[in-house]
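Undergrad: Pasting a structure below so you can have a look.
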Number of protein chains: 2
Amino acid sequence: MLVAKETELRRRYDVRWRLTGVATRRAGWVADPDGLSPLPILTGHWPPPQPCRDVREWLEKARADVLFEASSLDAQTGQPAVEHLKAALELGAHAITANKGPVVHAFRELTALAYEKKKKFLFEATVMDGVPIFSMFPLGLPATELRGFSGVLNSTTNVVLTEIEKGRSFDEAVKRAQALGVAETDPTADLDGWDAALKVAAVAIVLMGVPVKLEQVQRTGIRDLTEEKIRSVRAAGMRYKLVCRAERRGDTVVCTVQPELLLASDPLANLEGTSSAIRFDLDVFSLSIVEHNPGIEATAYGLLADFLRAVQP
Amino acid sequence: MLVAKETELRRRYDVRWRLTGVATRRAGWVADPDGLSPLPILTGHWPPPQPCRDVREWLEKARADVLFEASSLDAQTGQPAVEHLKAALELGAHAITANKGPVVHAFRELTALAYEKKKKFLFEATVMDGVPIFSMFPLGLPATELRGFSGVLNSTTNVVLTEIEKGRSFDEAVKRAQALGVAETDPTADLDGWDAALKVAAVAIVLMGVPVKLEQVQRTGIRDLTEEKIRSVRAAGMRYKLVCRAERRGDTVVCTVQPELLLASDPLANLEGTSSAIRFDLDVFSLSIVEHNPGIEATAYGLLADFLRAVQP
């Protein structure tokens, strides 16, 4: 995405970038403050890795101004993403993540650290990719009260339910989601609602200002829905979706994730494939945002948009 | 809305306001730089009007810092709204409007004047009330290319088509829309697609950067749809909606407004009452925004949000 948008970033925003480090579990710590050529890396030709004790040493070697964090993580702790982002901020780099974990487990800490270091902690790509869920609020919807929201935010369960409706078995549907690249090798986090629970908690924490804990989200996955049930309601013009809900009750926010039977006319029901949607109930009106069948570049765009928000004056 | 949000504006944004002028065709030019009490005015107890030659003299008497412009206008010329907004900007006041006309007929002129005077020309309330259509783009969706958009943006035709589906006649349906307060006494502008044409042109001009003229919008209203046609497709699971479309073709943008037959699963089809929706097709993904059955306070909120965007540092 950085390569694809390079000319536009320079012409429209006067923003230039240099890739000074890349790290993955497989390729190790690669760093060069003079700049790495992105195209060989994109085609799998990696420069040799450097010995680094940890993410901090790698960031120092790369002299990073911005970190894009997209590591695999432990949903229960948010690690190692939280440590990566902390290291970046402590070293004076903007910390941008596609991981929900740090938002759910360390929002206050990372936000305070970013404020102290005059850097940005940004995470737009964590929910609905590059769709401006978090960025819309401060400037787009000032002086509103978010009373609650509901959404279909997990792609895997959406694909699985759609495939079962079409006649596939549960196992075939899961394999199909994996083939599409939306489900992990171990689809537990999606099917049991953990991914959706992280998302509902992240949105509630950031936009409703309440420190919801992951274990406070009432969570039911889709494994107990039978194929017959899913298909029979479809014939009656209804659909099951794994629905996230958050509702303010006094000082707290009640968060739930569970399969719900929706009318076909519900904007949350008409989601195919990797599409997702969220409905915000504000004091002044309700609005829904739908993302239509995004590909992986939509997540990359979310990170890029955060990059621009971080570096622009 | 200013009264309802007064405490919040002060506490959350340190923004205070004083009402120094109100003008309507019926009540005349009311102005007092020391401040008018809004509550009597809201209950119909107007202070006596002052003799004023024009909007300029009234703004001067009121010593206005901000103008909220919501006069009735001529769709073909954008007047008198354009003159009101020009006068405000020339006198050093922010110009905020709920009128599409000035965006369609004088966007460049008013934007340039605002820039020169270091004031804001803002118009979020013109399309989908307070939903941040225009505000979302610069910061929420940076470095994107808007290739086109489609939407159901006119409430009156939406109400009329829904009422006909329910079994009412065309004339009864129009009366119902008038009773709901969404249709004007003369519903021509809505039924013949003028309101929708202004909206599609406004969005294309602002977000696609092309100076579309109102007469370039290919426009067909809903009068030629028969009641039988509207009801028969409904039974088949489809719906007619007055759909706005804009599509980039080289240097130009082709804009159309016409009744279209939509599948029930289309997010644009599932709109009842005053609801509206827009789908943006960007290079990185497509997203839709739906506003659910807003009331008149949603427009007021759009003006208030622009006020905050104008006065905040």
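Every chain in the structure tokens takes a letter, A first, then B, and so on in the order presented; its residues are numbered from 1, and the ligands are numbered from 1 following the presented order.
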Please produce chain A as a CSV table (one decimal) with C-alpha atoms, in the first residue's frame once it has been superposed on chain B, the fit using all Cα atoms paired in sequence order.

TA:
```csv
chain,number,residue,atom,x,y,z
A,1,MET,CA,-29.9,22.2,19.6
A,2,LEU,CA,-27.6,24.9,20.9
A,3,VAL,CA,-29.7,25.1,24.1
A,4,ALA,CA,-29.8,21.4,24.5
A,5,LYS,CA,-26.1,21.0,24.1
A,6,GLU,CA,-25.1,24.2,25.9
A,7,THR,CA,-23.6,22.4,29.0
A,8,GLU,CA,-21.8,19.8,26.9
A,9,LEU,CA,-20.3,22.5,24.6
A,10,ARG,CA,-18.9,24.4,27.6
A,11,ARG,CA,-17.6,21.4,29.6
A,12,ARG,CA,-16.2,19.2,26.8
A,13,TYR,CA,-15.1,21.9,24.3
A,14,ASP,CA,-14.9,25.1,26.3
A,15,VAL,CA,-17.2,26.7,23.7
A,16,ARG,CA,-19.8,29.3,24.7
A,17,TRP,CA,-22.3,31.0,22.5
A,18,ARG,CA,-24.6,34.0,22.5
A,19,LEU,CA,-27.6,34.4,20.2
A,20,THR,CA,-27.3,37.9,18.8
A,21,GLY,CA,-29.7,37.7,15.8
A,22,VAL,CA,-32.5,35.7,14.3
A,23,ALA,CA,-34.2,36.4,11.0
A,24,THR,CA,-37.1,34.8,9.3
A,25,ARG,CA,-39.4,35.9,6.5
A,26,ARG,CA,-42.3,36.1,9.1
A,27,ALA,CA,-40.5,37.6,12.1
A,28,GLY,CA,-38.2,40.0,10.2
A,29,TRP,CA,-34.7,41.0,11.2
A,30,VAL,CA,-34.1,40.6,15.0
A,31,ALA,CA,-30.7,41.6,16.4
A,32,ASP,CA,-29.1,42.4,19.7
A,33,PRO,CA,-25.3,42.2,20.1
A,34,ASP,CA,-25.8,41.9,23.9
A,35,GLY,CA,-27.7,38.6,23.4
A,36,LEU,CA,-31.2,37.4,22.8
A,37,SER,CA,-32.9,34.9,25.1
A,38,PRO,CA,-33.5,31.8,23.0
A,39,LEU,CA,-36.3,30.3,25.0
A,40,PRO,CA,-39.0,32.9,24.3
A,41,ILE,CA,-38.1,32.7,20.6
A,42,LEU,CA,-38.4,28.9,20.7
A,43,THR,CA,-41.9,29.3,22.1
A,44,GLY,CA,-42.9,31.9,19.5
A,45,HIS,CA,-42.4,35.1,21.6
A,46,TRP,CA,-40.2,37.1,19.2
A,47,PRO,CA,-38.6,40.4,20.1
A,48,PRO,CA,-39.6,43.2,17.8
A,49,PRO,CA,-37.7,43.3,14.5
A,50,GLN,CA,-35.3,46.0,13.5
A,51,PRO,CA,-35.3,47.9,10.2
A,52,CYS,CA,-32.5,46.4,8.0
A,53,ARG,CA,-31.8,47.0,4.4
A,54,ASP,CA,-30.4,43.5,3.9
A,55,VAL,CA,-28.7,40.6,5.4
A,56,ARG,CA,-25.4,42.5,5.6
A,57,GLU,CA,-26.9,45.3,7.8
A,58,TRP,CA,-28.6,42.7,10.0
A,59,LEU,CA,-25.3,40.7,10.4
A,60,GLU,CA,-23.5,44.0,11.3
A,61,LYS,CA,-26.2,44.9,13.9
A,62,ALA,CA,-25.9,41.4,15.4
A,63,ARG,CA,-22.1,41.6,15.2
A,64,ALA,CA,-22.2,38.0,14.1
A,65,ASP,CA,-19.2,35.6,14.4
A,66,VAL,CA,-21.2,32.7,12.9
A,67,LEU,CA,-24.2,32.6,10.5
A,68,PHE,CA,-26.4,29.5,10.4
A,69,GLU,CA,-28.1,29.8,7.0
A,70,ALA,CA,-31.3,27.8,6.5
A,71,SER,CA,-33.5,30.0,4.2
A,72,SER,CA,-35.9,28.6,1.5
A,73,LEU,CA,-34.1,28.8,-1.8
A,74,ASP,CA,-34.3,28.8,-5.5
A,75,ALA,CA,-32.8,25.5,-6.6
A,76,GLN,CA,-31.9,26.9,-10.0
A,77,THR,CA,-29.8,29.8,-8.6
A,78,GLY,CA,-29.0,29.0,-5.0
A,79,GLN,CA,-30.3,32.4,-4.0
A,80,PRO,CA,-30.8,34.1,-1.6
A,81,ALA,CA,-28.6,31.6,0.3
A,82,VAL,CA,-25.4,32.4,-1.7
A,83,GLU,CA,-25.8,36.1,-0.9
A,84,HIS,CA,-26.4,35.4,2.8
A,85,LEU,CA,-23.2,33.3,3.0
A,86,LYS,CA,-21.1,35.7,1.0
A,87,ALA,CA,-22.2,38.6,3.3
A,88,ALA,CA,-21.3,36.6,6.4
A,89,LEU,CA,-17.8,35.6,5.1
A,90,GLU,CA,-17.1,39.2,3.9
A,91,LEU,CA,-18.0,40.5,7.4
A,92,GLY,CA,-15.6,37.9,9.0
A,93,ALA,CA,-18.2,35.4,10.2
A,94,HIS,CA,-18.1,31.7,9.7
A,95,ALA,CA,-20.8,30.7,7.1
A,96,ILE,CA,-22.7,27.4,7.9
A,97,THR,CA,-25.6,26.3,5.7
A,98,ALA,CA,-28.2,23.6,5.5
A,99,ASN,CA,-28.8,24.6,1.9
A,100,LYS,CA,-27.4,22.5,-1.0
A,101,GLY,CA,-27.8,25.4,-3.5
A,102,PRO,CA,-24.7,27.3,-2.4
A,103,VAL,CA,-22.6,24.2,-2.7
A,104,VAL,CA,-23.9,23.5,-6.2
A,105,HIS,CA,-23.9,27.0,-7.5
A,106,ALA,CA,-21.1,28.7,-5.7
A,107,PHE,CA,-18.7,26.1,-4.1
A,108,ARG,CA,-15.5,27.6,-5.5
A,109,GLU,CA,-16.4,31.2,-4.9
A,110,LEU,CA,-17.5,30.6,-1.3
A,111,THR,CA,-14.6,28.3,-0.5
A,112,ALA,CA,-12.1,30.8,-1.9
A,113,LEU,CA,-13.7,33.7,0.0
A,114,ALA,CA,-13.7,31.7,3.2
A,115,TYR,CA,-10.0,30.8,2.7
A,116,GLU,CA,-9.2,34.5,2.1
A,117,LYS,CA,-11.0,35.6,5.2
A,118,LYS,CA,-9.6,32.7,7.3
A,119,LYS,CA,-13.2,31.7,8.1
A,120,LYS,CA,-15.1,28.5,7.4
A,121,PHE,CA,-17.7,27.7,4.8
A,122,LEU,CA,-19.4,24.5,6.0
A,123,PHE,CA,-22.4,22.5,4.8
A,124,GLU,CA,-22.5,19.1,6.4
A,125,ALA,CA,-26.3,19.3,7.0
A,126,THR,CA,-27.0,19.6,3.3
A,127,VAL,CA,-26.8,15.8,2.6
A,128,MET,CA,-28.0,13.2,5.2
A,129,ASP,CA,-28.3,15.8,8.0
A,130,GLY,CA,-25.6,15.5,10.6
A,131,VAL,CA,-24.1,12.3,9.2
A,132,PRO,CA,-20.4,13.2,8.5
A,133,ILE,CA,-20.4,12.7,4.7
A,134,PHE,CA,-18.2,15.7,3.9
A,135,SER,CA,-16.3,15.7,7.2
A,136,MET,CA,-15.3,12.1,7.0
A,137,PHE,CA,-13.2,12.4,3.9
A,138,PRO,CA,-10.3,14.7,4.5
A,139,LEU,CA,-9.2,13.0,7.8
A,140,GLY,CA,-11.1,9.7,7.9
A,141,LEU,CA,-10.3,8.6,4.4
A,142,PRO,CA,-7.1,10.3,3.4
A,143,ALA,CA,-5.3,9.3,0.2
A,144,THR,CA,-8.3,7.6,-1.3
A,145,GLU,CA,-9.8,8.0,-4.8
A,146,LEU,CA,-13.5,8.3,-4.9
A,147,ARG,CA,-14.5,6.6,-8.1
A,148,GLY,CA,-18.2,7.0,-7.7
A,149,PHE,CA,-21.1,6.8,-5.4
A,150,SER,CA,-24.8,5.9,-5.3
A,151,GLY,CA,-27.5,6.8,-2.8
A,152,VAL,CA,-31.1,7.2,-1.8
A,153,LEU,CA,-30.9,10.8,-0.6
A,154,ASN,CA,-34.5,12.2,-0.9
A,155,SER,CA,-36.8,11.6,2.0
A,156,THR,CA,-40.0,12.6,0.3
A,157,THR,CA,-39.8,10.1,-2.5
A,158,ASN,CA,-38.8,7.5,0.0
A,159,VAL,CA,-41.9,8.1,2.1
A,160,VAL,CA,-44.1,8.3,-1.0
A,161,LEU,CA,-42.9,5.1,-2.5
A,162,THR,CA,-43.2,3.3,0.9
A,163,GLU,CA,-46.8,4.5,1.4
A,164,ILE,CA,-47.8,3.4,-2.1
A,165,GLU,CA,-46.3,0.0,-1.4
A,166,LYS,CA,-48.5,-0.1,1.7
A,167,GLY,CA,-51.6,0.5,-0.5
A,168,ARG,CA,-52.1,4.3,-0.5
A,169,SER,CA,-52.6,6.2,-3.7
A,170,PHE,CA,-50.0,8.6,-5.1
A,171,ASP,CA,-51.9,11.6,-3.9
A,172,GLU,CA,-52.5,10.2,-0.4
A,173,ALA,CA,-48.8,9.2,-0.1
A,174,VAL,CA,-47.7,12.8,-1.0
A,175,LYS,CA,-50.1,14.1,1.7
A,176,ARG,CA,-48.7,11.7,4.2
A,177,ALA,CA,-45.2,12.9,3.4
A,178,GLN,CA,-46.4,16.5,3.9
A,179,ALA,CA,-48.0,15.6,7.2
A,180,LEU,CA,-44.7,14.0,8.4
A,181,GLY,CA,-43.1,17.4,7.6
A,182,VAL,CA,-40.7,16.0,5.0
A,183,ALA,CA,-42.4,17.3,1.8
A,184,GLU,CA,-42.9,20.9,1.0
A,185,THR,CA,-46.3,22.4,0.2
A,186,ASP,CA,-45.2,22.2,-3.4
A,187,PRO,CA,-43.6,18.8,-3.6
A,188,THR,CA,-42.4,19.3,-7.2
A,189,ALA,CA,-38.7,19.7,-6.2
A,190,ASP,CA,-38.8,16.3,-4.5
A,191,LEU,CA,-41.1,14.3,-6.8
A,192,ASP,CA,-39.3,15.5,-10.0
A,193,GLY,CA,-35.9,14.7,-8.6
A,194,TRP,CA,-34.6,18.3,-8.2
A,195,ASP,CA,-33.7,17.8,-4.5
A,196,ALA,CA,-31.9,14.6,-5.3
A,197,ALA,CA,-30.1,16.2,-8.3
A,198,LEU,CA,-28.8,19.0,-6.1
A,199,LYS,CA,-27.5,16.5,-3.6
A,200,VAL,CA,-25.7,14.3,-6.2
A,201,ALA,CA,-24.2,17.4,-7.7
A,202,ALA,CA,-23.1,18.7,-4.3
A,203,VAL,CA,-21.4,15.5,-3.3
A,204,ALA,CA,-19.7,15.2,-6.7
A,205,ILE,CA,-18.5,18.8,-6.6
A,206,VAL,CA,-17.1,18.6,-3.1
A,207,LEU,CA,-15.8,15.0,-2.9
A,208,MET,CA,-14.9,14.3,-6.5
A,209,GLY,CA,-13.6,17.7,-7.3
A,210,VAL,CA,-15.5,18.2,-10.5
A,211,PRO,CA,-17.6,21.4,-11.1
A,212,VAL,CA,-20.8,19.5,-12.1
A,213,LYS,CA,-23.7,21.8,-13.1
A,214,LEU,CA,-27.2,21.1,-12.0
A,215,GLU,CA,-28.4,20.9,-15.6
A,216,GLN,CA,-25.8,18.2,-16.3
A,217,VAL,CA,-27.5,15.8,-13.9
A,218,GLN,CA,-29.6,13.4,-15.9
A,219,ARG,CA,-32.8,13.6,-13.9
A,220,THR,CA,-36.0,11.5,-13.9
A,221,GLY,CA,-38.6,11.8,-11.1
A,222,ILE,CA,-41.0,9.2,-9.7
A,223,ARG,CA,-44.2,10.6,-11.3
A,224,ASP,CA,-44.2,8.1,-14.2
A,225,LEU,CA,-44.1,5.0,-11.9
A,226,THR,CA,-47.6,3.6,-11.6
A,227,GLU,CA,-49.0,2.5,-8.2
A,228,GLU,CA,-49.5,-1.0,-9.7
A,229,LYS,CA,-45.9,-1.2,-10.8
A,230,ILE,CA,-44.6,-0.1,-7.4
A,231,ARG,CA,-46.8,-2.7,-5.6
A,232,SER,CA,-46.2,-5.6,-7.9
A,233,VAL,CA,-42.4,-5.5,-7.7
A,234,ARG,CA,-42.7,-5.3,-3.9
A,235,ALA,CA,-44.6,-8.6,-3.9
A,236,ALA,CA,-41.7,-10.0,-5.9
A,237,GLY,CA,-39.2,-8.9,-3.2
A,238,MET,CA,-38.0,-5.8,-5.0
A,239,ARG,CA,-38.4,-2.1,-4.5
A,240,TYR,CA,-38.3,1.1,-6.5
A,241,LYS,CA,-36.2,3.8,-5.0
A,242,LEU,CA,-35.2,7.2,-6.5
A,243,VAL,CA,-31.5,6.5,-6.8
A,244,CYS,CA,-28.7,9.1,-7.3
A,245,ARG,CA,-25.5,7.9,-9.0
A,246,ALA,CA,-22.2,9.6,-9.8
A,247,GLU,CA,-19.4,7.9,-11.8
A,248,ARG,CA,-16.1,9.3,-12.8
A,249,ARG,CA,-15.5,9.0,-16.6
A,250,GLY,CA,-12.1,10.5,-17.5
A,251,ASP,CA,-12.1,14.2,-16.4
A,252,THR,CA,-15.9,14.4,-15.9
A,253,VAL,CA,-18.4,12.8,-13.5
A,254,VAL,CA,-21.6,11.5,-14.9
A,255,CYS,CA,-24.5,12.2,-12.5
A,256,THR,CA,-28.0,10.6,-12.7
A,257,VAL,CA,-31.1,10.6,-10.7
A,258,GLN,CA,-33.8,8.1,-11.6
A,259,PRO,CA,-36.2,5.5,-10.2
A,260,GLU,CA,-34.4,2.1,-10.0
A,261,LEU,CA,-35.6,-1.4,-9.2
A,262,LEU,CA,-33.5,-2.7,-6.4
A,263,LEU,CA,-33.2,-6.2,-4.9
A,264,ALA,CA,-34.5,-6.3,-1.3
A,265,SER,CA,-31.0,-7.3,-0.1
A,266,ASP,CA,-29.5,-4.0,-1.4
A,267,PRO,CA,-28.6,-1.7,1.5
A,268,LEU,CA,-30.2,1.1,-0.6
A,269,ALA,CA,-33.5,-0.8,-0.8
A,270,ASN,CA,-34.1,-1.3,2.9
A,271,LEU,CA,-34.9,2.3,3.7
A,272,GLU,CA,-38.1,3.2,5.4
A,273,GLY,CA,-39.6,6.7,6.1
A,274,THR,CA,-37.0,9.5,6.3
A,275,SER,CA,-34.0,7.1,6.2
A,276,SER,CA,-31.3,7.7,3.6
A,277,ALA,CA,-28.1,6.0,2.5
A,278,ILE,CA,-25.1,6.5,0.4
A,279,ARG,CA,-22.5,4.0,-1.0
A,280,PHE,CA,-19.0,5.3,-1.7
A,281,ASP,CA,-16.9,3.3,-4.2
A,282,LEU,CA,-13.3,4.1,-3.3
A,283,ASP,CA,-10.1,2.6,-4.8
A,284,VAL,CA,-9.4,0.7,-1.6
A,285,PHE,CA,-12.9,-0.5,-0.7
A,286,SER,CA,-16.6,0.4,-0.8
A,287,LEU,CA,-18.5,1.5,2.2
A,288,SER,CA,-22.1,2.5,2.8
A,289,ILE,CA,-23.6,4.9,5.3
A,290,VAL,CA,-27.2,4.6,6.4
A,291,GLU,CA,-29.1,7.2,8.4
A,292,HIS,CA,-32.0,5.6,10.2
A,293,ASN,CA,-35.3,7.5,10.2
A,294,PRO,CA,-33.9,10.9,11.4
A,295,GLY,CA,-36.1,13.7,12.8
A,296,ILE,CA,-35.6,17.4,12.3
A,297,GLU,CA,-33.1,17.5,15.2
A,298,ALA,CA,-30.7,15.6,13.0
A,299,THR,CA,-30.4,18.6,10.6
A,300,ALA,CA,-30.0,20.9,13.6
A,301,TYR,CA,-27.2,18.6,14.8
A,302,GLY,CA,-25.5,18.9,11.5
A,303,LEU,CA,-25.4,22.7,11.8
A,304,LEU,CA,-24.2,22.4,15.4
A,305,ALA,CA,-21.4,20.0,14.4
A,306,ASP,CA,-20.2,22.4,11.7
A,307,PHE,CA,-20.3,25.2,14.4
A,308,LEU,CA,-17.9,23.2,16.5
A,309,ARG,CA,-15.7,22.4,13.5
A,310,ALA,CA,-15.6,26.1,12.7
A,311,VAL,CA,-14.8,27.5,16.1
A,312,GLN,CA,-12.5,24.8,17.5
A,313,PRO,CA,-8.8,25.5,17.2
```

Undergrad: For the structure I just gave you, how does DSSP split stretch 69-243 of chain B - specifically, which residues are helix (DSSP H, G or I)? Reply as a PyMOL selection string.

TA: chain B and resi 81-90+101-117+124-126+133-140+155-165+170-179+188-191+194-208+214-216+227-235

Undergrad: Please run DSSP on the backbone and report, as JSON, numbers by chain, all residues within stretch 121-262 of chain A that come out as strand (DSSP E).

TA: {"A": [121, 122, 146, 147, 148, 149, 150, 151, 152, 218, 219, 238, 239, 240, 241, 242, 243, 244, 245, 246, 247, 248, 249, 252, 253, 254, 255, 256, 257, 258, 259, 260, 261, 262]}

Undergrad: Any chance you could export the current selection's C-alpha atoms as a compact mmCIF listing (two decimals), in the first residue's frame?

TA:
```
# COMPACT_ATOMS: atom_id res chain seq x y z
CA PHE A 121 -1.10 5.48 19.15
CA LEU A 122 -3.52 4.64 16.33
CA LEU A 146 -22.94 7.19 21.95
CA ARG A 147 -25.66 5.24 23.74
CA GLY A 148 -24.82 1.89 22.21
CA PHE A 149 -23.91 0.08 19.05
CA SER A 150 -24.49 -3.23 17.31
CA GLY A 151 -22.55 -4.88 14.57
CA VAL A 152 -21.55 -7.90 12.56
CA GLN A 218 -21.05 -12.11 27.37
CA ARG A 219 -19.94 -14.40 24.58
CA MET A 238 -34.34 -14.51 7.98
CA ARG A 239 -30.67 -15.03 8.73
CA TYR A 240 -28.45 -15.90 11.65
CA LYS A 241 -25.50 -13.59 12.18
CA LEU A 242 -22.98 -13.38 15.00
CA VAL A 243 -24.04 -10.01 16.42
CA CYS A 244 -22.01 -7.78 18.73
CA ARG A 245 -23.91 -5.39 20.97
CA ALA A 246 -22.91 -2.74 23.48
CA GLU A 247 -25.35 -0.74 25.55
CA ARG A 248 -24.74 1.89 28.18
CA ARG A 249 -26.37 1.08 31.55
CA THR A 252 -21.14 0.60 32.74
CA VAL A 253 -21.49 -0.78 29.24
CA VAL A 254 -23.03 -4.21 28.77
CA CYS A 255 -21.33 -6.02 25.88
CA THR A 256 -22.60 -9.20 24.24
CA VAL A 257 -21.63 -11.42 21.33
CA GLN A 258 -24.14 -14.04 20.25
CA PRO A 259 -25.85 -15.53 17.21
CA GLU A 260 -29.04 -13.59 16.50
CA LEU A 261 -31.90 -14.19 14.14
CA LEU A 262 -32.28 -11.10 11.95
```
